[in-house]
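Heads up, structure01.cif below (mmCIF, C-alpha atoms):
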data_model
#
loop_
_atom_site.label_atom_id
_atom_site.label_comp_id
_atom_site.auth_asym_id
_atom_site.auth_seq_id
_atom_site.Cartn_x
_atom_site.Cartn_y
_atom_site.Cartn_z
CA MET A 134 -1.20 157.77 51.47
CA ASN A 135 0.05 156.91 47.97
CA TYR A 136 2.84 154.75 49.36
CA ILE A 137 0.29 152.61 51.24
CA ASN A 138 -1.72 152.08 48.08
CA GLU A 139 1.47 151.26 46.25
CA ILE A 140 2.36 148.61 48.84
CA GLU A 141 -1.05 147.09 48.57
CA ARG A 142 -0.73 147.12 44.80
CA ILE A 143 2.68 145.51 44.76
CA GLY A 144 2.00 143.00 47.51
CA GLY A 145 -1.50 142.28 46.34
CA GLY A 146 -2.51 142.21 49.90
CA GLU A 147 -5.46 143.66 51.62
CA LYS A 148 -5.44 146.96 53.43
CA LYS A 149 -4.25 146.52 56.99
CA ASN A 150 -6.30 147.73 59.82
CA ASP A 151 -5.51 151.00 61.52
CA GLU A 152 -3.68 149.33 64.41
CA ASP A 153 -1.33 147.49 62.08
CA GLU A 154 -0.94 150.63 60.06
CA GLY A 155 0.25 152.49 63.09
CA LYS A 156 2.72 149.80 63.92
CA TRP A 157 4.50 149.11 60.67
CA ARG A 158 4.32 151.23 57.59
CA ARG A 159 6.86 151.04 54.89
CA GLY A 160 7.73 153.69 52.34
CA GLU A 161 9.11 153.47 48.89
CA GLU A 162 12.65 153.32 50.13
CA GLY A 163 11.89 150.41 52.46
CA VAL A 164 12.18 152.42 55.67
CA ASP A 165 9.71 152.03 58.51
CA GLU A 166 7.53 155.00 59.03
CA MET A 167 8.38 154.84 62.73
CA ASP A 168 12.08 154.97 61.82
CA TYR A 169 11.63 158.54 60.65
CA PHE A 170 10.95 159.44 64.23
CA ALA A 171 13.63 157.07 65.60
CA LEU A 172 16.43 158.50 63.54
CA PRO A 173 16.36 161.97 65.07
CA ARG A 174 16.16 160.46 68.53
CA SER A 175 19.12 158.13 67.75
CA PHE A 176 21.05 161.05 66.38
CA GLY A 177 20.40 163.02 69.53
CA LEU A 178 21.39 160.15 71.76
CA GLY A 179 24.47 159.56 69.65
CA MET A 180 25.50 163.13 70.07
CA LEU A 181 24.88 162.86 73.76
CA PHE A 182 27.08 159.76 74.08
CA THR A 183 29.64 161.16 71.73
CA ASP A 184 29.94 164.15 73.96
CA ARG A 185 30.52 161.78 76.90
CA PHE A 186 33.06 159.45 75.16
CA PRO A 187 36.09 161.30 76.46
CA ASP A 188 34.95 160.65 80.03
CA LEU A 189 34.25 157.01 79.24
CA ASN A 190 37.62 156.63 77.54
CA ARG A 191 39.37 158.24 80.43
CA ARG A 192 37.56 155.95 82.85
CA ALA A 193 38.37 152.91 80.70
CA ASP A 194 42.01 153.95 80.54
CA SER A 195 42.00 154.52 84.27
CA ASN A 196 40.44 151.10 84.85
CA ARG A 197 42.99 149.48 82.56
CA GLN A 198 45.80 151.21 84.41
CA MET A 199 44.39 150.11 87.74
CA ILE A 200 44.05 146.51 86.53
CA SER A 201 47.57 146.63 85.09
CA GLN A 202 48.91 148.06 88.34
CA GLN A 203 47.12 145.39 90.36
CA ARG A 204 48.57 142.70 88.13
CA LYS A 205 52.05 144.13 88.54
CA GLU A 206 51.59 144.28 92.28
CA GLN A 207 50.37 140.69 92.32
CA GLU A 208 53.34 139.60 90.20
CA LEU A 209 55.71 141.49 92.47
CA HIS A 210 54.04 139.90 95.48
CA VAL A 211 54.44 136.43 93.98
CA VAL A 212 58.08 137.16 93.11
CA SER A 213 58.61 138.57 96.58
CA GLU A 214 57.06 135.50 98.16
CA ASP A 215 59.18 133.28 95.93
CA CYS A 216 62.33 135.20 96.86
CA THR A 217 61.37 135.02 100.52
CA THR A 218 60.77 131.29 100.24
CA LYS A 219 64.08 130.75 98.45
CA LYS A 220 65.83 132.96 100.96
CA LYS A 221 64.27 130.99 103.80
CA LEU A 222 65.31 127.72 102.16
CA ASN A 223 68.84 129.04 101.73
CA GLN A 224 68.82 130.21 105.34
CA ASP A 225 67.61 126.75 106.42
CA LYS A 226 70.39 125.17 104.36
CA ASP A 227 72.92 127.55 105.88
CA VAL A 228 71.67 126.71 109.36
CA MET A 229 71.86 122.96 108.68
CA GLY A 230 75.31 123.39 107.19
CA GLU A 231 76.40 125.35 110.25
CA VAL A 232 74.96 122.67 112.53
CA THR A 233 76.85 119.98 110.60
CA ARG A 234 80.10 121.96 110.74
CA THR A 235 79.63 122.60 114.45
CA HIS A 236 78.95 118.91 115.07
CA GLU A 237 82.10 117.94 113.15
CA ALA A 238 84.12 120.54 115.04
CA LEU A 239 82.85 119.19 118.37
CA GLN A 240 83.72 115.65 117.29
CA SER A 241 87.20 116.79 116.30
CA LEU A 242 87.61 118.59 119.64
CA ASP A 243 86.39 115.50 121.47
CA LYS A 244 88.92 113.43 119.56
CA THR A 245 91.73 115.86 120.43
CA ILE A 246 90.81 115.81 124.12
CA SER A 247 90.61 112.02 124.10
CA THR A 248 94.02 111.78 122.43
CA LEU A 249 95.56 114.14 124.99
CA GLN A 250 94.05 112.10 127.81
CA MET A 251 95.56 108.94 126.39
CA GLU A 252 98.94 110.62 125.94
CA LEU A 253 98.76 111.81 129.53
CA ALA A 254 98.05 108.26 130.68
CA VAL A 255 101.02 107.00 128.68
CA SER A 256 103.20 109.74 130.14
CA ARG A 257 102.16 108.81 133.67
CA SER A 258 102.86 105.14 133.10
CA SER A 259 106.25 105.91 131.57
CA ARG A 260 107.35 107.71 134.76
CA GLU A 261 107.29 104.35 136.49
CA LEU A 262 110.32 103.41 134.38
CA THR A 263 112.47 106.43 135.22
CA GLY A 264 115.32 106.35 137.68
CA SER A 265 115.74 108.46 140.80
CA ASN A 266 117.33 111.25 138.77
CA GLY A 267 114.40 111.33 136.36
CA SER A 268 116.22 109.73 133.43
CA PRO A 269 115.21 106.43 131.82
CA VAL A 270 116.56 103.27 133.41
CA ILE A 271 117.64 102.06 129.96
CA THR A 272 119.29 104.58 127.71
CA ALA A 273 119.13 104.40 123.95
CA SER A 274 118.88 106.55 120.88
CA SER A 275 115.71 108.55 120.49
CA GLN A 276 113.37 107.72 117.65
CA GLN A 277 109.98 109.13 116.79
CA LYS A 278 107.02 106.94 115.98
CA LYS A 279 106.14 106.76 112.31
CA LYS A 280 103.00 108.58 111.21
CA ALA A 281 100.39 106.51 109.39
CA PHE A 282 96.75 106.55 108.40
CA ILE A 283 96.03 102.83 108.85
CA VAL A 284 98.06 99.97 110.28
CA ILE A 285 96.76 96.59 109.12
CA GLY A 286 97.81 93.45 110.94
CA ILE A 287 97.12 90.21 109.06
CA ASN A 288 96.72 87.40 111.56
CA THR A 289 98.69 84.36 110.38
CA ALA A 290 100.27 81.15 111.67
CA PHE A 291 103.45 79.18 111.06
CA SER A 292 101.59 76.69 108.88
CA SER A 293 100.00 79.34 106.68
CA ARG A 294 102.81 80.09 104.19
CA LYS A 295 100.55 79.31 101.21
CA ARG A 296 97.85 81.60 102.56
CA ARG A 297 100.34 84.42 102.95
CA ASP A 298 101.58 83.95 99.39
CA SER A 299 98.00 83.96 98.09
CA VAL A 300 97.39 87.28 99.87
CA ARG A 301 100.61 88.71 98.44
CA ASP A 302 99.51 87.62 94.97
CA THR A 303 96.13 89.37 95.25
CA TRP A 304 95.27 92.34 97.45
CA MET A 305 98.53 93.02 99.34
CA PRO A 306 101.30 94.92 97.49
CA GLN A 307 104.84 93.56 97.65
CA GLY A 308 108.35 94.93 97.76
CA GLU A 309 108.70 98.54 96.67
CA LYS A 310 104.95 98.86 96.13
CA LEU A 311 104.41 98.03 99.81
CA LYS A 312 106.89 100.72 100.85
CA GLU A 313 105.34 103.20 98.43
CA LEU A 314 101.90 102.49 99.90
CA GLU A 315 103.26 103.47 103.31
CA ARG A 316 104.93 106.63 102.03
CA GLU A 317 102.22 107.86 99.68
CA LYS A 318 99.02 106.71 101.37
CA GLY A 319 100.03 106.05 104.97
CA ILE A 320 98.79 102.44 104.82
CA VAL A 321 101.00 99.95 106.65
CA ILE A 322 100.40 96.22 106.13
CA ARG A 323 102.13 93.46 108.07
CA PHE A 324 101.63 89.78 108.75
CA MET A 325 101.60 89.48 112.54
CA ILE A 326 103.04 86.42 114.21
CA GLY A 327 104.61 85.45 117.51
CA HIS A 328 107.12 82.69 118.13
CA SER A 329 106.97 78.97 118.74
CA ALA A 330 106.99 77.32 122.16
CA THR A 331 110.56 76.20 121.51
CA ALA A 332 113.07 79.01 121.20
CA ASN A 333 114.78 79.36 117.83
CA SER A 334 112.90 76.38 116.42
CA ILE A 335 112.69 75.47 112.76
CA LEU A 336 109.34 77.27 112.64
CA ASP A 337 110.89 80.52 113.87
CA ARG A 338 113.79 80.19 111.44
CA ALA A 339 111.36 79.65 108.56
CA ILE A 340 109.64 82.93 109.43
CA ASP A 341 113.04 84.65 109.67
CA SER A 342 113.84 83.45 106.16
CA GLU A 343 110.47 84.57 104.82
CA GLU A 344 110.92 87.96 106.49
CA GLU A 345 114.27 88.46 104.76
CA GLN A 346 112.60 87.73 101.44
CA HIS A 347 109.48 89.90 101.81
CA ASN A 348 110.08 92.24 104.77
CA ASP A 349 106.36 92.27 105.62
CA PHE A 350 106.15 90.77 109.13
CA LEU A 351 105.43 92.23 112.53
CA ARG A 352 107.03 89.89 115.05
CA LEU A 353 105.18 89.80 118.37
CA VAL A 354 108.25 88.96 120.46
CA ARG A 355 109.89 90.52 123.47
CA ALA A 356 110.80 93.99 122.36
CA PHE A 357 113.95 94.31 124.47
CA SER A 358 115.19 90.83 123.61
CA HIS A 359 114.38 91.28 119.93
CA TYR A 360 116.30 94.52 119.65
CA LEU A 361 119.29 93.12 121.50
CA SER A 362 119.32 90.04 119.25
CA LYS A 363 119.32 92.32 116.20
CA LYS A 364 122.04 94.49 117.81
CA ALA A 365 119.83 97.50 117.29
CA SER A 366 119.44 100.57 119.42
CA MET A 367 116.21 100.60 121.38
CA PRO A 368 113.82 103.43 120.47
CA ARG A 369 112.79 105.71 123.30
CA PHE A 370 109.13 104.85 122.81
CA PHE A 371 110.00 101.25 123.70
CA ILE A 372 111.80 102.43 126.80
CA ASN A 373 108.84 104.52 127.92
CA ASN A 374 106.48 101.58 127.58
CA ILE A 375 108.78 98.69 128.39
CA HIS A 376 106.65 97.29 131.24
CA GLU A 377 103.67 97.09 128.90
CA TYR A 378 105.48 96.12 125.77
CA ASP A 379 108.29 93.77 126.74
CA GLN A 380 106.32 90.58 126.35
CA ASP A 381 105.99 88.03 123.62
CA HIS A 382 103.35 85.85 122.10
CA VAL A 383 103.48 82.09 121.80
CA GLU A 384 101.51 81.01 118.75
CA GLY A 385 98.45 78.84 119.37
CA TYR A 386 94.78 78.78 118.41
CA HIS A 387 93.63 79.30 121.98
CA GLU A 388 95.95 82.29 122.38
CA LEU A 389 94.25 84.54 119.86
CA SER A 390 92.92 86.92 122.52
CA ALA A 391 96.42 87.43 123.86
CA LYS A 392 97.76 87.84 120.33
CA THR A 393 95.18 90.53 119.53
CA LYS A 394 96.06 92.42 122.69
CA ILE A 395 99.78 92.29 121.98
CA PHE A 396 99.29 93.25 118.33
CA PHE A 397 97.45 96.47 119.14
CA SER A 398 99.93 97.31 121.89
CA THR A 399 102.85 96.71 119.56
CA ALA A 400 101.33 98.56 116.62
CA VAL A 401 100.36 101.66 118.61
CA THR A 402 103.89 101.79 120.00
CA LEU A 403 105.56 101.56 116.59
CA TRP A 404 103.17 103.69 114.52
CA ASP A 405 101.19 106.81 115.29
CA ALA A 406 98.19 105.86 113.16
CA GLU A 407 94.57 106.99 113.04
CA PHE A 408 93.22 103.45 112.74
CA TYR A 409 94.42 99.95 113.51
CA VAL A 410 92.93 96.99 111.65
CA LYS A 411 93.06 93.28 112.33
CA VAL A 412 92.22 90.88 109.49
CA ASP A 413 92.63 87.14 109.00
CA ASP A 414 94.84 85.72 106.24
CA ASP A 415 91.90 83.95 104.55
CA VAL A 416 89.88 87.13 103.93
CA HIS A 417 89.87 89.23 100.76
CA VAL A 418 90.24 92.99 101.29
CA ASN A 419 89.84 95.98 98.97
CA LEU A 420 92.35 98.46 100.38
CA GLY A 421 90.99 101.56 98.66
CA THR A 422 87.45 100.88 99.83
CA LEU A 423 88.69 100.13 103.35
CA ALA A 424 90.61 103.41 103.48
CA ALA A 425 87.65 105.38 102.12
CA THR A 426 85.35 103.76 104.68
CA LEU A 427 87.61 104.56 107.62
CA SER A 428 88.21 108.12 106.41
CA ARG A 429 84.52 108.87 106.97
CA HIS A 430 85.04 108.28 110.69
CA ARG A 431 88.41 109.96 111.20
CA SER A 432 86.94 112.94 113.09
CA LYS A 433 85.47 110.67 115.76
CA PRO A 434 87.52 109.94 118.87
CA ARG A 435 86.66 106.35 119.81
CA VAL A 436 85.24 104.15 117.08
CA TYR A 437 84.97 100.38 116.78
CA ILE A 438 84.08 99.34 113.23
CA GLY A 439 83.08 95.97 111.84
CA CYS A 440 80.19 93.61 111.27
CA MET A 441 78.52 93.56 114.66
CA LYS A 442 77.01 90.30 115.84
CA SER A 443 75.62 88.71 118.98
CA GLY A 444 76.08 84.96 118.90
CA PRO A 445 75.06 82.41 121.52
CA VAL A 446 77.29 81.71 124.51
CA LEU A 447 78.25 78.05 124.10
CA SER A 448 78.59 76.12 127.34
CA ASN A 449 79.13 72.73 125.70
CA LYS A 450 82.78 71.73 126.04
CA ASN A 451 82.70 69.64 122.87
CA VAL A 452 81.98 72.50 120.44
CA LYS A 453 84.52 74.67 118.61
CA TYR A 454 83.69 78.01 120.20
CA HIS A 455 83.15 76.76 123.73
CA GLU A 456 83.14 79.53 126.34
CA PRO A 457 84.56 78.22 129.66
CA GLU A 458 83.28 81.34 131.44
CA TYR A 459 79.77 81.01 130.07
CA TRP A 460 78.28 81.54 133.53
CA LYS A 461 79.38 85.20 133.46
CA PHE A 462 76.93 85.89 130.66
CA GLY A 463 73.80 84.91 132.54
CA GLU A 464 71.53 81.95 132.15
CA GLU A 465 72.08 79.14 129.67
CA GLY A 466 71.03 80.12 126.17
CA ASN A 467 72.00 83.76 126.56
CA LYS A 468 73.87 85.66 123.87
CA TYR A 469 77.05 87.72 123.92
CA PHE A 470 76.92 91.50 123.87
CA ARG A 471 77.34 93.11 120.47
CA HIS A 472 80.86 92.85 119.11
CA ALA A 473 82.59 92.88 115.71
CA THR A 474 83.12 89.53 114.05
CA GLY A 475 86.76 88.48 114.18
CA GLN A 476 87.51 88.14 110.46
CA ILE A 477 88.13 91.89 110.15
CA TYR A 478 87.57 94.96 112.32
CA ALA A 479 89.08 98.38 112.90
CA ILE A 480 89.59 100.53 115.98
CA SER A 481 90.67 104.15 116.33
CA LYS A 482 93.93 105.29 117.86
CA ASP A 483 92.47 106.05 121.29
CA LEU A 484 91.14 102.52 121.68
CA ALA A 485 94.43 100.97 120.61
CA THR A 486 96.19 103.20 123.13
CA PHE A 487 93.70 102.15 125.80
CA ILE A 488 94.55 98.50 125.13
CA SER A 489 98.27 99.26 125.29
CA ILE A 490 98.01 101.11 128.62
CA ASN A 491 95.69 98.63 130.30
CA GLN A 492 97.02 95.45 128.73
CA PRO A 493 97.93 93.66 131.99
CA ILE A 494 94.39 93.90 133.40
CA LEU A 495 92.32 93.27 130.27
CA HIS A 496 90.55 89.94 130.65
CA LYS A 497 90.85 87.38 127.86
CA TYR A 498 87.85 85.25 126.93
CA ALA A 499 88.05 82.12 124.80
CA ASN A 500 87.13 83.97 121.61
CA GLU A 501 89.28 86.93 120.62
CA ASP A 502 86.46 88.93 119.03
CA VAL A 503 84.43 88.58 122.24
CA SER A 504 87.47 89.67 124.25
CA LEU A 505 87.90 92.83 122.19
CA GLY A 506 84.22 93.67 122.53
CA ALA A 507 84.42 93.10 126.28
CA TRP A 508 87.29 95.57 126.61
CA PHE A 509 85.15 98.30 125.04
CA ILE A 510 81.71 97.49 126.43
CA GLY A 511 82.07 99.81 129.43
CA LEU A 512 83.71 102.68 127.55
CA GLU A 513 82.33 105.63 125.62
CA VAL A 514 82.81 103.91 122.29
CA GLU A 515 80.80 104.25 119.10
CA HIS A 516 80.03 100.82 117.66
CA ILE A 517 79.71 101.08 113.87
CA ASP A 518 78.02 98.15 112.18
CA ASP A 519 79.27 98.16 108.58
CA ARG A 520 77.91 95.19 106.63
CA ASN A 521 80.20 96.07 103.74
CA MET A 522 82.99 94.52 105.82
CA CYS A 523 81.48 91.04 105.72
CA CYS A 524 80.29 90.37 102.17
CA GLY A 525 80.01 86.82 100.97
CA THR A 526 82.26 85.44 98.25
CA PRO A 527 80.94 85.37 94.65
CA PRO A 528 78.27 85.80 93.58
CA ASP A 529 77.45 88.09 96.56
CA CYS A 530 80.45 90.42 96.39
CA GLU A 531 80.46 90.23 92.59
CA TRP A 532 76.86 91.47 92.31
CA LYS A 533 77.63 94.31 94.70
CA ALA A 534 80.75 95.29 92.75
CA GLN A 535 78.77 95.33 89.49
CA ALA A 536 76.21 97.58 91.17
CA GLY A 537 78.97 100.01 92.14
CA ASN A 538 79.03 99.02 95.81
CA VAL A 539 82.47 97.44 96.16
CA CYS A 540 82.90 95.46 99.38
CA VAL A 541 85.54 96.23 101.97
CA ALA A 542 86.05 92.54 102.74
CA SER A 543 84.68 89.20 101.53
CA PHE A 544 84.66 85.74 103.10
CA ASP A 545 82.43 82.73 103.74
CA TRP A 546 80.61 82.67 107.07
CA SER A 547 80.50 78.88 106.99
CA CYS A 548 84.30 78.72 107.04
CA SER A 549 84.93 81.89 109.10
CA GLY A 550 87.00 82.96 106.10
CA ILE A 551 87.20 82.10 102.41
CA CYS A 552 86.66 78.36 102.11
CA LYS A 553 89.81 76.85 100.55
CA SER A 554 91.23 80.35 100.35
CA VAL A 555 94.56 79.34 98.78
CA GLU A 556 92.73 77.97 95.73
CA ARG A 557 89.87 80.50 95.60
CA ILE A 558 91.15 83.91 96.66
CA LYS A 559 92.45 84.74 93.17
CA ASP A 560 88.99 84.15 91.73
CA VAL A 561 87.45 86.28 94.47
CA HIS A 562 89.96 89.02 93.72
CA ALA A 563 89.24 88.88 89.98
CA ARG A 564 85.47 89.05 90.41
CA CYS A 565 85.15 91.27 93.50
CA GLY A 566 88.33 93.34 93.48
CA GLU A 567 88.21 97.13 93.14
CA GLY A 568 91.09 97.18 90.66
CA ASP A 569 94.79 97.42 91.42
CA GLY A 570 94.87 101.18 90.89
CA ALA A 571 91.94 102.02 93.17
CA VAL A 572 93.95 102.55 96.34
CA TRP A 573 96.45 104.77 94.54
CA GLY A 574 93.80 107.03 93.09
CA ALA A 575 91.65 107.20 96.21
CA LEU A 576 91.43 110.48 98.14
CA PHE A 577 91.21 110.14 101.91
#
What does this structure look like when you write it as C-alpha cells?
Amino acid sequence: MNYINEIERIGGGEKKNDEDEGKWRRGEEGVDEMDYFALPRSFGLGMLFTDRFPDLNRRADSNRQMISQQRKEQELHVVSEDCTTKKKLNQDKDVMGEVTRTHEALQSLDKTISTLQMELAVSRSSRELTGSNGSPVITASSQQKKKAFIVIGINTAFSSRKRRDSVRDTWMPQGEKLKELEREKGIVIRFMIGHSATANSILDRAIDSEEEQHNDFLRLVRAFSHYLSKKASMPRFFINNIHEYDQDHVEGYHELSAKTKIFFSTAVTLWDAEFYVKVDDDVHVNLGTLAATLSRHRSKPRVYIGCMKSGPVLSNKNVKYHEPEYWKFGEEGNKYFRHATGQIYAISKDLATFISINQPILHKYANEDVSLGAWFIGLEVEHIDDRNMCCGTPPDCEWKAQAGNVCVASFDWSCSGICKSVERIKDVHARCGEGDGAVWGALF
C-alpha cells in the first residue's frame, strides 16, 4: 500500500475509509486502480467488436446502397411524374389545337356551303332572263367579276365635294396608289353616289367631271342605261342579274335605305369580294387595321360587323330620326333590335349576295342602319360588336393609338360623324392614323 501512503503524503489528506478506497484508488502513474481491471475487459470487448466490424461495414454499405437506390427510385419517380405531367399537358394542348383546327375547318365548310347556296340562288334567278332557246335575252361580251378582299363604299352626296377631297387627302389613296391597293391588297375603295332627280343636271355633270379627274366613283345608276350611254359592252354578270340590278338611285337624305340596298347589290355584282363595307364620308378610317380586323373573320360564312346599338324607336314626327312605322316595334318607348351603327359596318359576301337576290322584297325603314339590321334579324347571322370601329376623335383615338390599340374608325357620336370634318379630319389623321405604310405592310 505504498502508493496510498504516498498519495496521503502528497495530498496531505487523511486516509480515506475502506469504502472510498475501494471506489477510487490512484497509483503513481495517475491511473485508477479499477482501470487495471477495466483495461483487459475493454481490450476483450474491442477485439470482439473488431472481429464483427466487417459485418457492420457490410451492413452499413448495404444500408447506404439501399438508401441510394431508394433515392434514385424516388428521383426517377419524380422525373417520371414530371414527364407524364408534361406529356399530358402537351396532349391537352394537342387536343385543344385539334379542336380549334376542326372548328375552323367546320366554319370554312359552312362558308363554302353557304356560298354555293347563294350561287345556286343567283343561278336560279338568272334563268328568268333567258329566252326560249336557253340563251340570254340580251347578248354581250362575257366578263368575269373582279376578285377582291374588301370593297369599301364611301357614302357621299352632291354637296360633299370638300368632304371627298378631305378623305382623299388623308386615309384614301389616290391615282396609281388606289389602283395599286386594288392589285396588291385586294382593297377597292369608291365614293358611291346616285343621280339627281333631274336627268343630266348640273349636279350629275359635276360628278362626271370629278370622276374623270379621280376615277374613284361607283355610280348607282341604271346598269343597262349606263353602259349604253358609255357605248360599252354589257358584262354577262349584268345580264344574268338585270332584273335585280337595272335600277338607279335618286339622291336624297330619306333614301339612304334604298341607297344602301343598291350599293351592296351593285358591289356584289361587280366584285367577287370577301367583305363589303359601307362608311360615311365624314369618318376617319385606318385601312390596315380595318383589313386586319376583317381578316380574323374571313372563315365565317355570314358575319355582320360593326358597333352594335339598340336605340329608342322615335314616334315623334318632329325629331330627326323619326320612325313612321314605330308601331311595328311594340309599345311606345321600346327600342330597336341590335344593329350596327350606320357610320361604318361590314358584311360578308353571303349577306351582300342575299341583299342582291332579295332586293325587291327587302323592306326599307326610315333609318338605313335599322333597315340593314332588319334584313338580317331573321337569318343565321353572327353579329360581331367591335367597339374599335366607333372610337371617338382625339383624345380618345389618340390615347388608344399611343397604347398600341389603333382604331378602325373614329368619329363624334354627337355629330354622327366627325364634327366639322373638312376642317378636322387632317388633325384626326395625324393624331390617330396608323401611318401611311401600315396597309402596305399588313399581312391578311
* When distances are computed from all atoms listed in the file, which of A:Leu447, A:Ile551, A:Cys530, A:Val541 shows the smallest separation from Ala479 (chain A)? ->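 Result for the nearest residue to Ala479 (chain A): A:Val541.
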* Residues at most 9 Å from region 298-315 of chain A, counting only C-alpha atoms, excluding those fewer than 5 positions away in the same chain, as number ranges by chain? -> A: 281-282, 293, 320-322, 347-349, 414-420, 554-556, 558-559, 562-563, 566, 569, 572-573
* Just so the selection is clear, what residues does the PyMOL selection byres ((chain A and resi 430) around 12) cover here, as a PyMOL selection string? -> chain A and resi 237+240-241+244+407-408+423-429+431-438+479-482+515-517+519+577
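Atom pair CA of Ala406 (chain A) / CA of Glu317 (chain A): separated by 14.2 Å.
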* Leaving out Thr393 (chain A) and any residue of its chain fewer than 6 positions from it, which residues lie within 9 Å of it when counting all atoms listed in the file, given as a PyMOL selection string? -> chain A and resi 288+411+501-502+505
* To do: Mind giving me the straight-line distance from CA of Leu389 (chain A) to CA of Ala507 (chain A) in Å, one decimal?
  => 14.5 Å
* So which residues get picked by the PyMOL selection byres ((chain A and resi 335-339) around 12) here, written as a list in words? -> Ala290, Phe291, Ser292, Ser293, Arg294, Ile326, Gly327, His328, Ser329, Ala330, Thr331, Ala332, Asn333, Ser334, Ile340, Asp341, Ser342, Glu343, Glu344, Glu345, Gln346, Arg352, Leu353, Val354, Val383 and Glu384 of chain A
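Here CA of Val514 (chain A) stands at a distance of 13.8 Å from CA of Phe470 (chain A).
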* Between A:Cys524, A:Cys540, A:Ser398, A:Glu456, which is the closest to Asp483 (chain A) once you count all atoms listed in the file? -> A:Ser398
* Spatial neighbours of Asp545 (chain A), 7 Å, all atoms listed in the file, chain gap at least 6 places, as a list in words ->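 Within the cut-off, the hits are Gly525, Thr526, Ile551 and Cys552 of chain A.
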* Identify which of the residues A:Ala542, A:Ala536, A:Ala499, A:Leu512 lies closest to Cys440 (chain A), counting all atoms listed in the file when measuring atom-to-atom distances. =>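 That would be A:Ala542, the residue with the smallest distance to Cys440 (chain A).
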